[in-house]
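Enquirer: Take a look at this one; I'll ask things after.
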Amino acid sequence: MAATPLPPGAEPFTVTAQGAQVHGHVFGEGPTVYLVHGWGGRGSQLAALVEPLVATGHRLVLFDAPAHGDSDPGPAGPGRSHGVELGRALDAVFTRFGPAEAVVAHSLGAIATYLALRFGWLGTDRLVLLAPMVEAQGLFDQFQAALGFGDRTRRAFDAEVDAFVGLPVAEFDALHQASHVEPVPTLVVHDRGDRQTSYAGAQRLVEALPDARMVTTEGLGHRRILRDPAVIAHVVEFIGAGDRAEAA
């Protein structure tokens, strides 16, 4: 994924996660909002959120996951990574910059954020999930159907994934992980025609969470949703609602 130009005022930083140098940028001052990209992405993909949230008095922190963007490979090696590594990188960044007003996560970043909330130090007052990947099992089902391999091969494949990620495939699921963490107000934004992550899965997640609402878009797909002005406005309003509630 090519780098997207960052807004002015970026201050670079580096943290270490599982022995890897994780690089990122911080903007502004105030309550902290973390921006978490998805598989194959990089932190600058969420750059459209920086200036509007800095203007409302927030500090924005974005970073590249191990083996993504400018960050070094993690334990999985060059060109290889997974959601657990991303979650651990988020936790390392969190320990550097402290309590979160909100976390905004895209795609695989949603599962990684829940893993950091459950198993790491991360805590947040609000969550925003943009085109979230809710579960990986369905993607592996599609992979099996496309290649036409049988159940024996599938069991071996799942065992390899378990060993690679360090987490059973069945638990690499936002619904599963969310059930083990304290619920917070959550905004889910998903495009009905997204071909990479399931709109129906996002609906199930919203229905399962006690304090969540969903915004549905049309025609934005999986990545344009990250820079759509109407989506940005929804996110800024949702995060700002937390500030207003605290002031009241």
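We label chains A, B, ... in the order they appear in the structure tokens, count residues from 1 in each chain, and number ligands from 1 in the order shown.
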Can you pull out every residue from segment 90-213 of chain A that DSSP, working from the backbone, puts in alpha helix (DSSP H), and format the result as number ranges by chain?
Expert: A: 90-97, 109-119, 137-147, 151-165, 174-178, 199-208
Enquirer: Within 12 Å of Thr186 of chain A, counting only C-alpha atoms, which residues show up once you throw out same-chain ones fewer than 3 positions away? Write them as a compact mmCIF listing (two decimals) with C-alpha atoms, in the first residue's frame, please.
Expert:
# COMPACT_ATOMS: atom_id res chain seq x y z
CA ALA A 102 -11.21 6.64 21.28
CA VAL A 103 -9.76 4.01 18.98
CA VAL A 104 -10.66 4.13 15.29
CA ALA A 105 -9.92 0.81 13.57
CA ALA A 110 -11.07 -4.21 14.55
CA THR A 124 -10.63 3.26 25.60
CA ASP A 125 -13.81 5.25 26.22
CA ARG A 126 -15.19 4.78 22.70
CA LEU A 127 -14.68 2.60 19.63
CA VAL A 128 -15.14 3.39 15.96
CA LEU A 129 -14.97 0.41 13.59
CA LEU A 130 -14.75 1.22 9.88
CA ALA A 178 -15.81 -8.43 22.38
CA GLU A 182 -16.05 -4.27 29.03
CA PRO A 183 -18.45 -2.76 26.47
CA VAL A 189 -19.57 2.25 9.65
CA ALA A 202 -20.89 -5.96 10.93
CA LEU A 205 -21.56 -7.31 15.75
CA VAL A 206 -23.73 -4.22 16.28
CA GLU A 207 -26.67 -6.38 17.37
CA ALA A 208 -24.46 -8.16 19.92
CA LEU A 209 -22.96 -5.05 21.48
CA PRO A 210 -25.04 -3.35 24.19
CA ASP A 211 -24.13 0.23 23.23
CA ALA A 212 -23.48 0.30 19.49
CA ARG A 213 -24.98 1.92 16.43
CA MET A 214 -24.37 1.44 12.75
CA VAL A 215 -24.05 3.80 9.81
CA VAL A 235 -16.72 9.80 13.27
CA PHE A 238 -19.32 10.45 17.64
CA ILE A 239 -15.95 11.04 19.28
CA ALA A 241 -20.07 13.29 21.84
CA GLY A 242 -17.84 11.71 24.46
Enquirer: For Ile232 of chain A, list every protein, DNA or RNA residue within 9 Å, evaluated using only C-alpha atoms, and leave out those in the same chain fewer than 4 positions away; present the list as a PyMOL selection string.
Expert: chain A and resi 48-49+52+225-228+236-237
Enquirer: Find the spatial neighbours of Ala112 of chain A, counting only C-alpha atoms, within a cut-off of 7 Å - ignore same-chain residues fewer than 6 positions away - and output them as a list in words.
Expert: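 The filter keeps Gly83, Val84, Leu86 and Gly87 of chain A.
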Enquirer: At what distance in Å, to one decimal, does atom CA of Glu101 of chain A lie from atom CA of Gly240 of chain A?
Expert: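 That distance, rounded to one decimal, is 9.6 Å.
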Enquirer: Could you give me, as a list in words, the residues within 12 Å of Arg192 of chain A, counting only C-alpha atoms and dropping anything in the same chain fewer than 2 positions from it?
Expert: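 So the residues in contact are Ala131, Val189, His190, Asp194, Arg195, Gln196, Thr197, Ser198, Tyr199, Ala200, Gly201, Ala202, Gln203, Met214, Val215, Thr216, Thr217, Glu218, Gly219, Leu220, Gly221, His222 and Ile225 of chain A.
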Enquirer: What is the atom CA of Val188 of chain A to atom CA of Ala174 of chain A distance in Å?
Expert: 12.4 Å
Enquirer: Just checking: using only C-alpha atoms, which residue out of A:His25, A:Arg152, A:Arg223, A:His180 ends up closest to Phe119 of chain A?
Expert: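 That would be A:His180, the residue with the smallest distance to Phe119 of chain A.
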Enquirer: Got a sec: who's within 8 Å of Asp70 of chain A, counting only C-alpha atoms, leaving out chain neighbours fewer than 4 positions off, as a ChimeraX atom specification?
Expert: /A:22-23,64
Enquirer: In Å, with one decimal, what is the gap from atom CA of Asp162 of chain A to atom CA of Ala76 of chain A?
Expert: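 About the pair atom CA of Asp162 of chain A and atom CA of Ala76 of chain A: they are 12.9 Å apart.
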Enquirer: Residues at most 10 Å from Phe97 of chain A, counting only C-alpha atoms, excluding those fewer than 2 positions away in the same chain, as number ranges by chain?
Expert: A: 26, 32-34, 59, 61, 92-95, 99-100
Enquirer: Given the selection you just returned, output its residues as a file containing all heavy atoms, formatted as a PDB file, in the first residue's frame.
Expert:
ATOM      1  N   VAL A  26       2.442  11.373  15.484  1.00  0.00           N
ATOM      2  CA  VAL A  26       1.478  11.936  16.422  1.00  0.00           C
ATOM      3  C   VAL A  26       1.212  13.382  16.023  1.00  0.00           C
ATOM      4  O   VAL A  26       2.103  14.090  15.553  1.00  0.00           O
ATOM      5  CB  VAL A  26       1.991  11.815  17.882  1.00  0.00           C
ATOM      6  CG1 VAL A  26       3.321  12.525  18.063  1.00  0.00           C
ATOM      7  CG2 VAL A  26       0.964  12.323  18.872  1.00  0.00           C
ATOM      8  N   THR A  32      -6.390  11.492  23.650  1.00  0.00           N
ATOM      9  CA  THR A  32      -5.742  10.741  22.576  1.00  0.00           C
ATOM     10  C   THR A  32      -6.717   9.857  21.811  1.00  0.00           C
ATOM     11  O   THR A  32      -7.533   9.141  22.398  1.00  0.00           O
ATOM     12  CB  THR A  32      -4.607   9.876  23.150  1.00  0.00           C
ATOM     13  OG1 THR A  32      -3.687  10.728  23.845  1.00  0.00           O
ATOM     14  CG2 THR A  32      -3.866   9.140  22.057  1.00  0.00           C
ATOM     15  N   VAL A  33      -6.616   9.905  20.489  1.00  0.00           N
ATOM     16  CA  VAL A  33      -7.352   9.023  19.589  1.00  0.00           C
ATOM     17  C   VAL A  33      -6.332   8.222  18.792  1.00  0.00           C
ATOM     18  O   VAL A  33      -5.440   8.791  18.152  1.00  0.00           O
ATOM     19  CB  VAL A  33      -8.261   9.813  18.625  1.00  0.00           C
ATOM     20  CG1 VAL A  33      -8.977   8.868  17.667  1.00  0.00           C
ATOM     21  CG2 VAL A  33      -9.274  10.655  19.402  1.00  0.00           C
ATOM     22  N   TYR A  34      -6.445   6.894  18.851  1.00  0.00           N
ATOM     23  CA  TYR A  34      -5.550   6.006  18.117  1.00  0.00           C
ATOM     24  C   TYR A  34      -6.216   5.577  16.814  1.00  0.00           C
ATOM     25  O   TYR A  34      -7.410   5.221  16.798  1.00  0.00           O
ATOM     26  CB  TYR A  34      -5.221   4.766  18.950  1.00  0.00           C
ATOM     27  CG  TYR A  34      -4.397   5.086  20.174  1.00  0.00           C
ATOM     28  CD1 TYR A  34      -5.005   5.375  21.396  1.00  0.00           C
ATOM     29  CD2 TYR A  34      -3.010   5.112  20.112  1.00  0.00           C
ATOM     30  CE1 TYR A  34      -4.254   5.680  22.522  1.00  0.00           C
ATOM     31  CE2 TYR A  34      -2.249   5.410  21.234  1.00  0.00           C
ATOM     32  CZ  TYR A  34      -2.872   5.696  22.436  1.00  0.00           C
ATOM     33  OH  TYR A  34      -2.132   6.002  23.548  1.00  0.00           O
ATOM     34  N   ARG A  59      -5.488  14.671  20.364  1.00  0.00           N
ATOM     35  CA  ARG A  59      -4.187  14.209  19.906  1.00  0.00           C
ATOM     36  C   ARG A  59      -4.414  12.929  19.109  1.00  0.00           C
ATOM     37  O   ARG A  59      -5.061  11.996  19.588  1.00  0.00           O
ATOM     38  CB  ARG A  59      -3.253  13.941  21.091  1.00  0.00           C
ATOM     39  CG  ARG A  59      -1.899  13.392  20.675  1.00  0.00           C
ATOM     40  CD  ARG A  59      -0.913  13.329  21.835  1.00  0.00           C
ATOM     41  NE  ARG A  59      -1.334  12.388  22.864  1.00  0.00           N
ATOM     42  CZ  ARG A  59      -0.528  11.984  23.858  1.00  0.00           C
ATOM     43  NH1 ARG A  59       0.697  12.470  23.960  1.00  0.00           N
ATOM     44  NH2 ARG A  59      -0.967  11.130  24.759  1.00  0.00           N
ATOM     45  N   VAL A  61      -2.859   9.634  17.069  1.00  0.00           N
ATOM     46  CA  VAL A  61      -1.698   8.758  16.981  1.00  0.00           C
ATOM     47  C   VAL A  61      -1.983   7.682  15.941  1.00  0.00           C
ATOM     48  O   VAL A  61      -2.973   6.945  16.047  1.00  0.00           O
ATOM     49  CB  VAL A  61      -1.395   8.095  18.341  1.00  0.00           C
ATOM     50  CG1 VAL A  61      -0.199   7.150  18.207  1.00  0.00           C
ATOM     51  CG2 VAL A  61      -1.114   9.144  19.413  1.00  0.00           C
ATOM     52  N   ALA A  92       1.730  -1.636  22.389  1.00  0.00           N
ATOM     53  CA  ALA A  92       3.013  -0.974  22.627  1.00  0.00           C
ATOM     54  C   ALA A  92       2.898   0.531  22.390  1.00  0.00           C
ATOM     55  O   ALA A  92       3.467   1.335  23.148  1.00  0.00           O
ATOM     56  CB  ALA A  92       4.088  -1.568  21.722  1.00  0.00           C
ATOM     57  N   VAL A  93       2.160   0.926  21.359  1.00  0.00           N
ATOM     58  CA  VAL A  93       1.950   2.350  21.095  1.00  0.00           C
ATOM     59  C   VAL A  93       1.135   2.973  22.226  1.00  0.00           C
ATOM     60  O   VAL A  93       1.410   4.090  22.679  1.00  0.00           O
ATOM     61  CB  VAL A  93       1.255   2.541  19.732  1.00  0.00           C
ATOM     62  CG1 VAL A  93       0.865   4.004  19.509  1.00  0.00           C
ATOM     63  CG2 VAL A  93       2.167   2.064  18.600  1.00  0.00           C
ATOM     64  N   PHE A  94       0.136   2.230  22.711  1.00  0.00           N
ATOM     65  CA  PHE A  94      -0.695   2.730  23.807  1.00  0.00           C
ATOM     66  C   PHE A  94       0.133   2.967  25.070  1.00  0.00           C
ATOM     67  O   PHE A  94      -0.066   3.966  25.772  1.00  0.00           O
ATOM     68  CB  PHE A  94      -1.821   1.736  24.091  1.00  0.00           C
ATOM     69  CG  PHE A  94      -2.615   2.051  25.326  1.00  0.00           C
ATOM     70  CD1 PHE A  94      -3.589   3.028  25.304  1.00  0.00           C
ATOM     71  CD2 PHE A  94      -2.375   1.373  26.509  1.00  0.00           C
ATOM     72  CE1 PHE A  94      -4.315   3.331  26.445  1.00  0.00           C
ATOM     73  CE2 PHE A  94      -3.096   1.672  27.658  1.00  0.00           C
ATOM     74  CZ  PHE A  94      -4.070   2.651  27.621  1.00  0.00           C
ATOM     75  N   THR A  95       1.054   2.066  25.365  1.00  0.00           N
ATOM     76  CA  THR A  95       1.860   2.254  26.568  1.00  0.00           C
ATOM     77  C   THR A  95       2.756   3.487  26.447  1.00  0.00           C
ATOM     78  O   THR A  95       3.167   4.060  27.462  1.00  0.00           O
ATOM     79  CB  THR A  95       2.724   1.013  26.870  1.00  0.00           C
ATOM     80  OG1 THR A  95       3.611   0.761  25.786  1.00  0.00           O
ATOM     81  CG2 THR A  95       1.854  -0.201  27.121  1.00  0.00           C
ATOM     82  N   PRO A  99      -3.825   6.801  28.013  1.00  0.00           N
ATOM     83  CA  PRO A  99      -5.259   6.516  27.917  1.00  0.00           C
ATOM     84  C   PRO A  99      -5.902   7.041  26.638  1.00  0.00           C
ATOM     85  O   PRO A  99      -5.557   8.113  26.145  1.00  0.00           O
ATOM     86  CB  PRO A  99      -5.842   7.218  29.151  1.00  0.00           C
ATOM     87  CG  PRO A  99      -4.710   7.240  30.126  1.00  0.00           C
ATOM     88  CD  PRO A  99      -3.477   7.425  29.301  1.00  0.00           C
ATOM     89  N   ALA A 100      -6.837   6.255  26.118  1.00  0.00           N
ATOM     90  CA  ALA A 100      -7.486   6.571  24.845  1.00  0.00           C
ATOM     91  C   ALA A 100      -8.867   7.163  25.073  1.00  0.00           C
ATOM     92  O   ALA A 100      -9.687   6.588  25.789  1.00  0.00           O
ATOM     93  CB  ALA A 100      -7.596   5.320  23.976  1.00  0.00           C
TER      94      ALA A 100
END
Enquirer: Please extract the residues of segment 1-99 of chain A with a backbone DSSP assignment of strand (DSSP E or B) and present them as a compact mmCIF listing (two decimals) with all heavy atoms, in the first residue's frame.
Expert:
# COMPACT_ATOMS: atom_id res chain seq x y z
N GLU A 11 4.66 14.53 14.06
CA GLU A 11 5.88 14.27 14.82
C GLU A 11 6.12 12.76 14.83
O GLU A 11 5.30 12.00 15.35
CB GLU A 11 5.74 14.78 16.25
CG GLU A 11 5.57 16.29 16.35
CD GLU A 11 5.52 16.76 17.79
OE1 GLU A 11 5.79 15.95 18.70
OE2 GLU A 11 5.19 17.94 17.99
N PRO A 12 7.23 12.30 14.25
CA PRO A 12 7.47 10.86 14.18
C PRO A 12 7.83 10.27 15.53
O PRO A 12 8.35 10.95 16.42
CB PRO A 12 8.65 10.75 13.21
CG PRO A 12 9.34 12.06 13.31
CD PRO A 12 8.28 13.09 13.59
N PHE A 13 7.53 8.99 15.69
CA PHE A 13 7.94 8.27 16.89
C PHE A 13 8.23 6.82 16.52
O PHE A 13 7.83 6.33 15.46
CB PHE A 13 6.86 8.33 17.99
CG PHE A 13 5.61 7.55 17.68
CD1 PHE A 13 5.52 6.20 17.99
CD2 PHE A 13 4.52 8.16 17.09
CE1 PHE A 13 4.37 5.47 17.70
CE2 PHE A 13 3.36 7.45 16.80
CZ PHE A 13 3.29 6.10 17.11
N THR A 14 8.93 6.14 17.41
CA THR A 14 9.22 4.72 17.24
C THR A 14 9.04 4.02 18.58
O THR A 14 9.47 4.55 19.62
CB THR A 14 10.67 4.51 16.76
OG1 THR A 14 10.86 5.19 15.52
CG2 THR A 14 10.96 3.02 16.55
N VAL A 15 8.37 2.88 18.57
CA VAL A 15 8.28 2.03 19.75
C VAL A 15 8.72 0.63 19.34
O VAL A 15 8.82 0.32 18.16
CB VAL A 15 6.85 1.98 20.34
CG1 VAL A 15 6.39 3.37 20.77
CG2 VAL A 15 5.86 1.38 19.34
N THR A 16 8.96 -0.20 20.33
CA THR A 16 9.35 -1.59 20.07
C THR A 16 8.22 -2.52 20.47
O THR A 16 7.69 -2.43 21.58
CB THR A 16 10.62 -1.95 20.86
OG1 THR A 16 11.68 -1.08 20.47
CG2 THR A 16 11.04 -3.39 20.56
N ALA A 17 7.83 -3.39 19.55
CA ALA A 17 6.80 -4.39 19.81
C ALA A 17 7.31 -5.75 19.38
O ALA A 17 7.61 -5.94 18.20
CB ALA A 17 5.50 -4.05 19.07
N ALA A 20 10.33 -5.71 17.27
CA ALA A 20 10.28 -4.98 16.00
C ALA A 20 10.15 -3.48 16.27
O ALA A 20 9.46 -3.06 17.20
CB ALA A 20 9.10 -5.46 15.17
N GLN A 21 10.79 -2.69 15.42
CA GLN A 21 10.65 -1.24 15.48
C GLN A 21 9.37 -0.84 14.74
O GLN A 21 9.24 -1.08 13.54
CB GLN A 21 11.85 -0.56 14.84
CG GLN A 21 13.17 -0.84 15.55
CD GLN A 21 13.19 -0.24 16.95
OE1 GLN A 21 13.17 0.96 17.13
NE2 GLN A 21 13.23 -1.12 17.95
N VAL A 22 8.43 -0.27 15.48
CA VAL A 22 7.14 0.16 14.92
C VAL A 22 7.17 1.68 14.83
O VAL A 22 7.39 2.38 15.82
CB VAL A 22 5.98 -0.32 15.83
CG1 VAL A 22 4.66 0.31 15.38
CG2 VAL A 22 5.90 -1.84 15.81
N HIS A 23 6.94 2.18 13.63
CA HIS A 23 7.05 3.61 13.36
C HIS A 23 5.66 4.23 13.19
O HIS A 23 4.75 3.61 12.63
CB HIS A 23 7.88 3.86 12.11
CG HIS A 23 9.27 3.34 12.21
ND1 HIS A 23 10.25 3.94 12.97
CD2 HIS A 23 9.85 2.23 11.66
CE1 HIS A 23 11.38 3.26 12.88
NE2 HIS A 23 11.16 2.20 12.09
N GLY A 24 5.53 5.45 13.68
CA GLY A 24 4.26 6.15 13.57
C GLY A 24 4.43 7.65 13.66
O GLY A 24 5.55 8.17 13.66
N HIS A 25 3.29 8.36 13.74
CA HIS A 25 3.28 9.81 13.84
C HIS A 25 2.20 10.25 14.82
O HIS A 25 1.16 9.59 14.94
CB HIS A 25 3.02 10.45 12.48
CG HIS A 25 4.13 10.24 11.50
ND1 HIS A 25 4.22 9.10 10.71
CD2 HIS A 25 5.22 11.01 11.20
CE1 HIS A 25 5.30 9.19 9.96
NE2 HIS A 25 5.92 10.32 10.22
N VAL A 26 2.44 11.37 15.48
CA VAL A 26 1.48 11.94 16.42
C VAL A 26 1.21 13.38 16.02
O VAL A 26 2.10 14.09 15.55
CB VAL A 26 1.99 11.82 17.88
CG1 VAL A 26 3.32 12.52 18.06
CG2 VAL A 26 0.96 12.32 18.87
N PHE A 27 -0.04 13.81 16.21
CA PHE A 27 -0.48 15.14 15.82
C PHE A 27 -1.29 15.75 16.97
O PHE A 27 -2.11 15.07 17.59
CB PHE A 27 -1.42 15.09 14.60
CG PHE A 27 -0.88 14.37 13.40
CD1 PHE A 27 -0.89 12.99 13.34
CD2 PHE A 27 -0.38 15.07 12.31
CE1 PHE A 27 -0.41 12.32 12.22
CE2 PHE A 27 0.10 14.41 11.20
CZ PHE A 27 0.09 13.03 11.15
N THR A 32 -6.39 11.49 23.65
CA THR A 32 -5.74 10.74 22.58
C THR A 32 -6.72 9.86 21.81
O THR A 32 -7.53 9.14 22.40
CB THR A 32 -4.61 9.88 23.15
OG1 THR A 32 -3.69 10.73 23.85
CG2 THR A 32 -3.87 9.14 22.06
N VAL A 33 -6.62 9.91 20.49
CA VAL A 33 -7.35 9.02 19.59
C VAL A 33 -6.33 8.22 18.79
O VAL A 33 -5.44 8.79 18.15
CB VAL A 33 -8.26 9.81 18.62
CG1 VAL A 33 -8.98 8.87 17.67
CG2 VAL A 33 -9.27 10.65 19.40
N TYR A 34 -6.45 6.89 18.85
CA TYR A 34 -5.55 6.01 18.12
C TYR A 34 -6.22 5.58 16.81
O TYR A 34 -7.41 5.22 16.80
CB TYR A 34 -5.22 4.77 18.95
CG TYR A 34 -4.40 5.09 20.17
CD1 TYR A 34 -5.01 5.37 21.40
CD2 TYR A 34 -3.01 5.11 20.11
CE1 TYR A 34 -4.25 5.68 22.52
CE2 TYR A 34 -2.25 5.41 21.23
CZ TYR A 34 -2.87 5.70 22.44
OH TYR A 34 -2.13 6.00 23.55
N LEU A 35 -5.44 5.60 15.73
CA LEU A 35 -5.92 5.18 14.42
C LEU A 35 -5.22 3.89 14.03
O LEU A 35 -3.98 3.84 13.99
CB LEU A 35 -5.64 6.27 13.38
CG LEU A 35 -6.18 7.67 13.70
CD1 LEU A 35 -5.81 8.65 12.58
CD2 LEU A 35 -7.69 7.65 13.92
N VAL A 36 -5.99 2.85 13.74
CA VAL A 36 -5.45 1.50 13.51
C VAL A 36 -5.86 1.02 12.12
O VAL A 36 -7.05 0.87 11.83
CB VAL A 36 -5.97 0.51 14.58
CG1 VAL A 36 -5.28 -0.84 14.42
CG2 VAL A 36 -5.76 1.06 15.99
N ARG A 59 -5.49 14.67 20.36
CA ARG A 59 -4.19 14.21 19.91
C ARG A 59 -4.41 12.93 19.11
O ARG A 59 -5.06 12.00 19.59
CB ARG A 59 -3.25 13.94 21.09
CG ARG A 59 -1.90 13.39 20.68
CD ARG A 59 -0.91 13.33 21.83
NE ARG A 59 -1.33 12.39 22.86
CZ ARG A 59 -0.53 11.98 23.86
NH1 ARG A 59 0.70 12.47 23.96
NH2 ARG A 59 -0.97 11.13 24.76
N LEU A 60 -3.88 12.89 17.89
CA LEU A 60 -4.05 11.73 17.00
C LEU A 60 -2.75 10.95 16.91
O LEU A 60 -1.69 11.52 16.68
CB LEU A 60 -4.47 12.19 15.60
CG LEU A 60 -5.98 12.41 15.35
CD1 LEU A 60 -6.74 11.11 15.38
CD2 LEU A 60 -6.57 13.40 16.34
N VAL A 61 -2.86 9.63 17.07
CA VAL A 61 -1.70 8.76 16.98
C VAL A 61 -1.98 7.68 15.94
O VAL A 61 -2.97 6.95 16.05
CB VAL A 61 -1.39 8.10 18.34
CG1 VAL A 61 -0.20 7.15 18.21
CG2 VAL A 61 -1.11 9.14 19.41
N LEU A 62 -1.14 7.63 14.91
CA LEU A 62 -1.26 6.56 13.91
C LEU A 62 0.09 5.90 13.74
O LEU A 62 1.14 6.49 14.03
CB LEU A 62 -1.81 7.10 12.59
CG LEU A 62 -1.09 8.23 11.87
CD1 LEU A 62 0.11 7.75 11.08
CD2 LEU A 62 -2.06 8.95 10.93
N PHE A 63 0.08 4.65 13.29
CA PHE A 63 1.33 3.88 13.18
C PHE A 63 1.17 2.81 12.11
O PHE A 63 0.05 2.50 11.67
CB PHE A 63 1.68 3.23 14.52
CG PHE A 63 0.69 2.19 14.98
CD1 PHE A 63 0.92 0.84 14.74
CD2 PHE A 63 -0.47 2.56 15.64
CE1 PHE A 63 -0.01 -0.12 15.16
CE2 PHE A 63 -1.40 1.62 16.05
CZ PHE A 63 -1.17 0.27 15.82
Enquirer: Go through A:Gly69, A:Gly28, A:Gly41, A:Gly123 and flag the residue nearest His106 of chain A, using only C-alpha atoms for the distances.
Expert: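 Counting only C-alpha atoms, the residue closest to His106 of chain A is A:Gly41.
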Enquirer: Determine the nearest neighbour of Thr56 of chain A from the options A:His68, A:Arg154, A:Gly79, A:Gly30, counting only C-alpha atoms.
Expert: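 Among the listed residues, the smallest separation from Thr56 of chain A belongs to A:Gly30.
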Enquirer: Which one of A:Leu175, A:Leu122, A:Leu167, A:Leu115 sits closest to Arg96 of chain A if you count only C-alpha atoms?
Expert: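 Selected residue with least distance to Arg96 of chain A: A:Leu122.
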